[in-house]
Amino acid sequence: MRFDLPDLPDTRALRAELREFLAEAGRNWTPETRARSWMGFDRDFSRSVGARGWIGMTWPKAYGGHERSAMERVVVLEEMLAAGAPVGAHWIGDRQSGPLILRLGTEEQRKRILPGIARGELAFCIGLSEPDSGSDLASLRTKAERVPGGWRLNGRKIWTTFAHKSDYMIALVRTSPAPEGGARHAGLSQFLVDLRLSGISIRPIRDLAGEDSFNEVTFDDVLLREDDLLGAEGQGWAQATSELAFERSGPDRYLSSYPALVAGLTALRPGHEAEAGRIVARLATLRAMSLSVTGMLQRGEDPAVEAALVKDAGNGFEQALPERLRAMLEPEERPEDLSRMLETLAMLAPTFSLRGGTREILRGIIARDLGLR
Amino acid sequence: MSEMRALLVEQLDRLLTEQGGVAVLREVERGTWPEALWAEVEAQGLALALVPEVAGGAGLGWGDAAALWHVLGSHAALIPLGEAMLAGAFLGAAGIEQPEGFTTLAAAGEAAPFGRHASTLAMLDGPHVTLRQPGETTNGQNTGREPRDRVTPGATTAEGDLPNGFGARAARLGLALLRAAQIGGALEKVLALTVDWANTRKQFGRPIGKFQAIQQSLAAMAAEVASVQVAVAAAARAADARGLDGAAFEIGCAKIVAGEAATLGAATAHQVFAAIGITEEHELHHFTRRLWSWREEGGTERAWAEEIGRDAMARGGDALWPDLTARDISGVSA
């Protein structure tokens with residue numbers, strides 16, 4: 001495991017542009033919106049971000065991208081999250097689905113999908129978890145069978161964030177049985193599923209905050225075309241996990257509760273300097289670690305373990321941050337926006353160390369890399 | 001890592017592996033000066049690493065120094081190379097010729113590391129540097145059993161001032177960076193020792209490293225070890241770009257993270273090692289006792305956090321992110 005500091009481009013102009021845009025776009029965001037941050041879904045906002053060229057930034061222009069660097073893309077993510085912007089409608093497409101399609105998709109798939117993501121018009125969800133498959137993802141049972149001209153999809157995905165608001169799902173499903181006594185993750189494939197197809201029913205599952213953010217998605221004899229297969233048949237596991245370093249190392253892994261720090265820092269009374277300083281020191285360090293992984297990804301390295309480590313450490317920080325602020329400020333000392341953010345974050349924070357790999361799974365990955373057998 | 005830096009790191013690691021080790025460490029803790037090892041360090045010019053080339057040194061930067069101090073920490077810093085490098089850097093920057101023998105870094109009113117073994121003292125009073133003869137010495141030590149001696153400064157043989165960029169508290173900043181880097185190295189070694197032990201020690205019929213409880217706590221420790229290394233690298237890079245004074249924020253962050261990581265890392269290692277880890281015979285304590293000591297030197301976590309927190313609170317929440325990103329150093333290779 002190693003974390004080299006990356007070479008950073010001069011991004012002052014880009015940051016200034018983003019801050020101006022976000023100050024204007026965010027004028028009417030409520031404290032709840034800012035606290036939800038990347039858990040917020042706002043298609044109008046995503047379209048305006050796309051119009052500025054801030055989605056699919058690193059992709060070729062031929063597919064609607066902007067051919068800018070991974071570091072510039074991270075600058076956009078950082079600024080969005082630091083402002084608590086509701087990026088959910090383009091977040092997953094920009095971070096995971098788009099890059100996957102760019103790398104593994106057919107020319108037709110790239111041309112059909114990527115420009116829409118880059119414009120902030122196509123929203124994606126990720127179909128991984130199933131009722132009996134959470135952390136043990138290889139046990140999933142949703143299956144696609146070959147039929148003339150394509151595939152027939154049956155089964156059920158669950159906890160799928162924003163499925164009810166999305167246009168497409170990239171689903172990991174079984175296309176052949178796991179070999180007896182062999183690798184359990186063999187025989188899985190990824191499909192690009194248009195969520196408007198018949199046979200798909202999407203049932204939102206109300207969460208503890210009273211919001212509809214995740215869903216149960218049922219596939220009942222859904223007919224997929226031959227070219228809805230994404231990448232190679234049987235390679236779904238490797239394809240799905242190859243994107244995890246992108247998913248696990250970004251600023252969304254330590255900045256989720258940042259807007260509360262902005263509101264809280266100003267309200268702190270003398271006596272809390274040391275705790276504030278410890279928070280700032282960790283924030284600065286996590287940011288350097290996250291940027292280090294971005295640098296490795298940009299150089300084409302495979303920092304899977306480093307990414308798992310950034311996510312684990314970052315999740316711990318962003319999860320504890322609202323509690324640390326709470327401990328420094330009695331309810332009557334909190335400005336109204338902070339109170340409202342803390343209420344929202346109390347209900348959201350448990351998910352930080354669940355989504356994208358639980359803390360326990362991530363630490364297992366780190367432990368294996370340490371040489372613990 | 002630059003080729004030059006990698007070469008130096010390997011050179012120091014080899015030297016300390018060949019001529020250091022637990023037996024030498026025990027001798028040093030009893031007060032013996034590792035004569036042969038120090039002679040080799042001087043012969044290789046390592047003590048003058050931070051001295052400008054025009055003044056006869058290697059002219060290396062803080063990033064190179066931090067990499068060497070990391071290696072030093074991974075060998076429990078059995079020689080005061082870090083202090084000698086800092087002394088050399090400050091003397092050189094103040095235009096003072098490098099004296100013969102071991103020069104330690106001494107701040108007024110503070111114990112001098114390995115003071116009893118020093119032939120000269122580099123004393124800093126703000127940006128003013130004086131080269132002093134050591135006077136009367138009262139021996140002392142820290143929890144790591146490293147010499148921390150009260151040395152009455154004697155005659156001044158040379159003096160000068162640090163140029164801008166070092167600031168009024170260069171000694172404290174340099175020492176904080178040194179201790180943070182050493183903590184990073186020592187923690188890496190402690191993690192390796194602990195993983196090795198977890199794979200060796202069997203209970204309930206299998207290595208204890210097979211148990212998820214052990215795996216989870218060592219993974220958490222690994223995150224802290226990595227955090228220190230990144231924080232130290234960021235601090236050293238800032239010092240190279242803006243001088244020690246301009247890197248006070250990053251150095252403070254590194255010392256805070258290092259101190260917190262030292263606490264968790266030492267506790268985790270002792271928990272996994274159990275009884276054998278608290279015996280005198282086992283090598284673990286040479287590292288963990290130093291980890292506890294180094295938290296105290298160059299400013300505690302609390303001292304640095306109060307400074308950083310006070311500034312952040314004064315600037316307010318809206319300024320935090322712009323301030324943080326404005327410190328980015330673009331276009332520099334670490």
# chains A, B, ... in the order shown; residues from 1 in each chain; ligands from 1
>>> select_by_dssp(residues="stretch 150-352 of chain A", states="helix (DSSP H, G or I)", output="ChimeraX atom specification")
/A:163-165,226-228,236-242,244-249,251-253,258-267,273-298,304-328,331-333,336-352
>>> interface_residues(of="chain B", to="chain A", cutoff="8 Å", atoms="only C-alpha atoms", output="ChimeraX atom specification")
/B:1,195,198-199,209-210,212,215-216,218-220,222-223,226-227,229-231,233-234,252-254,256-257,301-310,312-314,316-318,320-321,324,326,328-334
>>> residues_around(residues="B:Glu83", least_positions_apart="6", cutoff="12 Å", atoms="only C-alpha atoms", output="PyMOL selection string")
chain B and resi 46-50+65+69+72+77+89-90+102-107+112-115+118+121-123+148+171-172+174-179+182+298
>>> write_last_selection(atoms="N, CA and C atoms", output="compact mmCIF listing (two decimals), in the first residue's frame")
# COMPACT_ATOMS: atom_id res chain seq x y z
N LEU B 46 25.31 12.09 5.76
CA LEU B 46 23.87 12.16 5.98
C LEU B 46 23.46 13.31 6.89
N ALA B 47 24.33 13.60 7.88
CA ALA B 47 23.97 14.66 8.83
C ALA B 47 23.90 16.02 8.15
N LEU B 48 24.59 16.14 7.02
CA LEU B 48 24.60 17.43 6.32
C LEU B 48 23.60 17.46 5.16
N ALA B 49 22.67 16.53 5.20
CA ALA B 49 21.73 16.39 4.08
C ALA B 49 21.00 17.69 3.75
N LEU B 50 20.61 18.44 4.79
CA LEU B 50 19.79 19.64 4.57
C LEU B 50 20.63 20.91 4.44
N ALA B 65 14.20 14.92 3.45
CA ALA B 65 14.45 14.75 4.89
C ALA B 65 13.37 13.90 5.53
N TRP B 69 13.70 10.53 7.67
CA TRP B 69 13.24 10.46 9.06
C TRP B 69 12.23 9.32 9.25
N LEU B 72 14.37 6.39 9.68
CA LEU B 72 14.94 6.48 11.03
C LEU B 72 13.93 5.99 12.07
N ALA B 77 14.78 5.20 15.66
CA ALA B 77 15.64 6.38 15.74
C ALA B 77 16.77 6.21 16.74
N ALA B 89 20.77 22.24 9.04
CA ALA B 89 19.95 23.09 8.17
C ALA B 89 19.91 24.53 8.70
N PHE B 90 19.69 24.67 10.00
CA PHE B 90 19.55 26.02 10.56
C PHE B 90 20.90 26.76 10.57
N PHE B 102 29.10 15.85 16.41
CA PHE B 102 27.65 15.87 16.49
C PHE B 102 27.15 17.17 17.11
N THR B 103 26.30 17.88 16.35
CA THR B 103 25.66 19.08 16.85
C THR B 103 24.19 18.77 17.07
N THR B 104 23.70 19.02 18.27
CA THR B 104 22.27 18.79 18.48
C THR B 104 21.52 20.11 18.45
N LEU B 105 20.23 19.97 18.34
CA LEU B 105 19.36 21.13 18.27
C LEU B 105 18.88 21.44 19.68
N ALA B 106 19.09 22.66 20.13
CA ALA B 106 18.67 23.01 21.49
C ALA B 106 17.82 24.26 21.45
N ALA B 107 16.70 24.20 22.12
CA ALA B 107 15.87 25.39 22.25
C ALA B 107 15.98 25.84 23.71
N ALA B 112 17.80 19.02 25.58
CA ALA B 112 18.46 18.82 24.29
C ALA B 112 18.54 17.33 23.98
N PRO B 113 18.02 16.91 22.82
CA PRO B 113 18.12 15.49 22.45
C PRO B 113 19.58 15.07 22.36
N PHE B 114 19.92 13.99 23.05
CA PHE B 114 21.28 13.44 23.03
C PHE B 114 22.33 14.51 23.40
N GLY B 115 21.91 15.45 24.26
CA GLY B 115 22.77 16.58 24.60
C GLY B 115 24.11 16.16 25.17
N ALA B 118 26.69 15.61 22.53
CA ALA B 118 26.92 16.66 21.52
C ALA B 118 28.23 17.40 21.78
N LEU B 121 26.16 22.86 20.29
CA LEU B 121 24.71 23.06 20.31
C LEU B 121 24.33 24.11 19.26
N ALA B 122 23.30 23.82 18.48
CA ALA B 122 22.71 24.86 17.64
C ALA B 122 21.49 25.37 18.38
N MET B 123 21.56 26.60 18.85
CA MET B 123 20.46 27.15 19.65
C MET B 123 19.66 28.14 18.84
N ARG B 148 17.47 13.02 26.87
CA ARG B 148 16.89 14.36 26.78
C ARG B 148 17.51 15.14 27.93
N ALA B 171 12.54 26.16 14.92
CA ALA B 171 12.94 24.97 15.68
C ALA B 171 11.73 24.09 15.98
N ARG B 172 10.65 24.73 16.40
CA ARG B 172 9.45 23.96 16.75
C ARG B 172 8.85 23.29 15.51
N GLY B 174 10.42 22.51 12.67
CA GLY B 174 11.31 21.43 12.21
C GLY B 174 11.17 20.20 13.08
N LEU B 175 11.13 20.43 14.38
CA LEU B 175 11.01 19.31 15.31
C LEU B 175 9.67 18.60 15.15
N ALA B 176 8.61 19.35 14.93
CA ALA B 176 7.29 18.74 14.74
C ALA B 176 7.28 17.85 13.50
N LEU B 177 7.89 18.35 12.43
CA LEU B 177 7.95 17.55 11.19
C LEU B 177 8.80 16.31 11.41
N LEU B 178 9.93 16.48 12.11
CA LEU B 178 10.80 15.34 12.40
C LEU B 178 10.06 14.27 13.19
N ARG B 179 9.41 14.68 14.27
CA ARG B 179 8.74 13.68 15.12
C ARG B 179 7.56 13.03 14.39
N GLN B 182 9.05 10.49 12.06
CA GLN B 182 9.53 9.32 12.82
C GLN B 182 8.36 8.46 13.30
N GLY B 298 7.84 18.60 20.04
CA GLY B 298 7.52 19.37 18.84
C GLY B 298 6.07 19.81 18.83
>>> residues_around(residues="A:Gly56", least_positions_apart="4", cutoff="10 Å", atoms="only C-alpha atoms", output="ChimeraX atom specification")
/A:50,60-61,63-68,73,90,93-95,98-99,114-120
>>> write_last_selection(atoms="C-alpha atoms", output="tab-separated table (two decimals), in the first residue's frame")
chain	number	residue	atom	x	y	z
A	50	GLY	CA	-24.12	19.33	-17.78
A	60	PRO	CA	-13.76	11.92	-25.42
A	61	LYS	CA	-15.60	14.75	-27.12
A	63	TYR	CA	-19.21	10.91	-26.81
A	64	GLY	CA	-20.22	14.25	-25.36
A	65	GLY	CA	-17.26	14.47	-23.02
A	66	HIS	CA	-14.83	17.33	-22.56
A	67	GLU	CA	-11.40	15.65	-22.57
A	68	ARG	CA	-10.28	17.23	-19.35
A	73	ARG	CA	-13.04	16.38	-12.59
A	90	HIS	CA	-25.93	12.71	-12.54
A	93	GLY	CA	-23.61	8.13	-14.33
A	94	ASP	CA	-20.61	10.44	-14.10
A	95	ARG	CA	-18.75	8.37	-11.53
A	98	GLY	CA	-20.48	6.31	-17.85
A	99	PRO	CA	-16.84	5.25	-17.36
A	114	LEU	CA	-22.84	8.79	-23.00
A	115	PRO	CA	-23.88	12.16	-24.49
A	116	GLY	CA	-27.11	12.00	-22.48
A	117	ILE	CA	-25.22	11.42	-19.24
A	118	ALA	CA	-22.85	14.27	-20.06
A	119	ARG	CA	-25.78	16.62	-20.67
A	120	GLY	CA	-27.14	15.71	-17.25
>>> atom_distance(atom1="atom CA of B:Gly144", atom2="atom CA of B:Arg289")
4.5 Å
>>> residues_around(residues="B:Phe287", least_positions_apart="2", cutoff="8 Å", atoms="only C-alpha atoms", output="compact mmCIF listing (two decimals) with C-alpha atoms, in the first residue's frame")
# COMPACT_ATOMS: atom_id res chain seq x y z
CA ALA B 76 13.40 3.39 16.51
CA GLY B 144 11.46 6.16 24.98
CA ALA B 186 7.82 3.59 13.75
CA LEU B 187 4.13 2.89 13.20
CA VAL B 190 4.96 -1.76 14.57
CA GLU B 283 11.39 -5.51 20.81
CA LEU B 284 7.91 -3.97 20.57
CA HIS B 285 8.36 -1.58 23.48
CA ARG B 289 7.66 3.85 24.15
CA ARG B 290 9.11 6.14 21.50
CA LEU B 291 5.71 6.59 19.90
>>> atom_distance(atom1="atom CA of A:Asn215", atom2="atom CA of A:Asn28")
28.1 Å
>>> closest_residue(among="A:Asp337, A:Asp252, A:Glu226, A:Glu301", to="A:Thr106", atoms="only C-alpha atoms")
A:Glu226
>>> residues_around(residues="A:Ser97", least_positions_apart="4", cutoff="12 Å", atoms="only C-alpha atoms", output="number ranges by chain")
A: 56, 90-93, 101-105, 109-110, 113-114, 117-118, 122-127, 167-171, 190-193, 230, 239-240, 242-244, 246-247
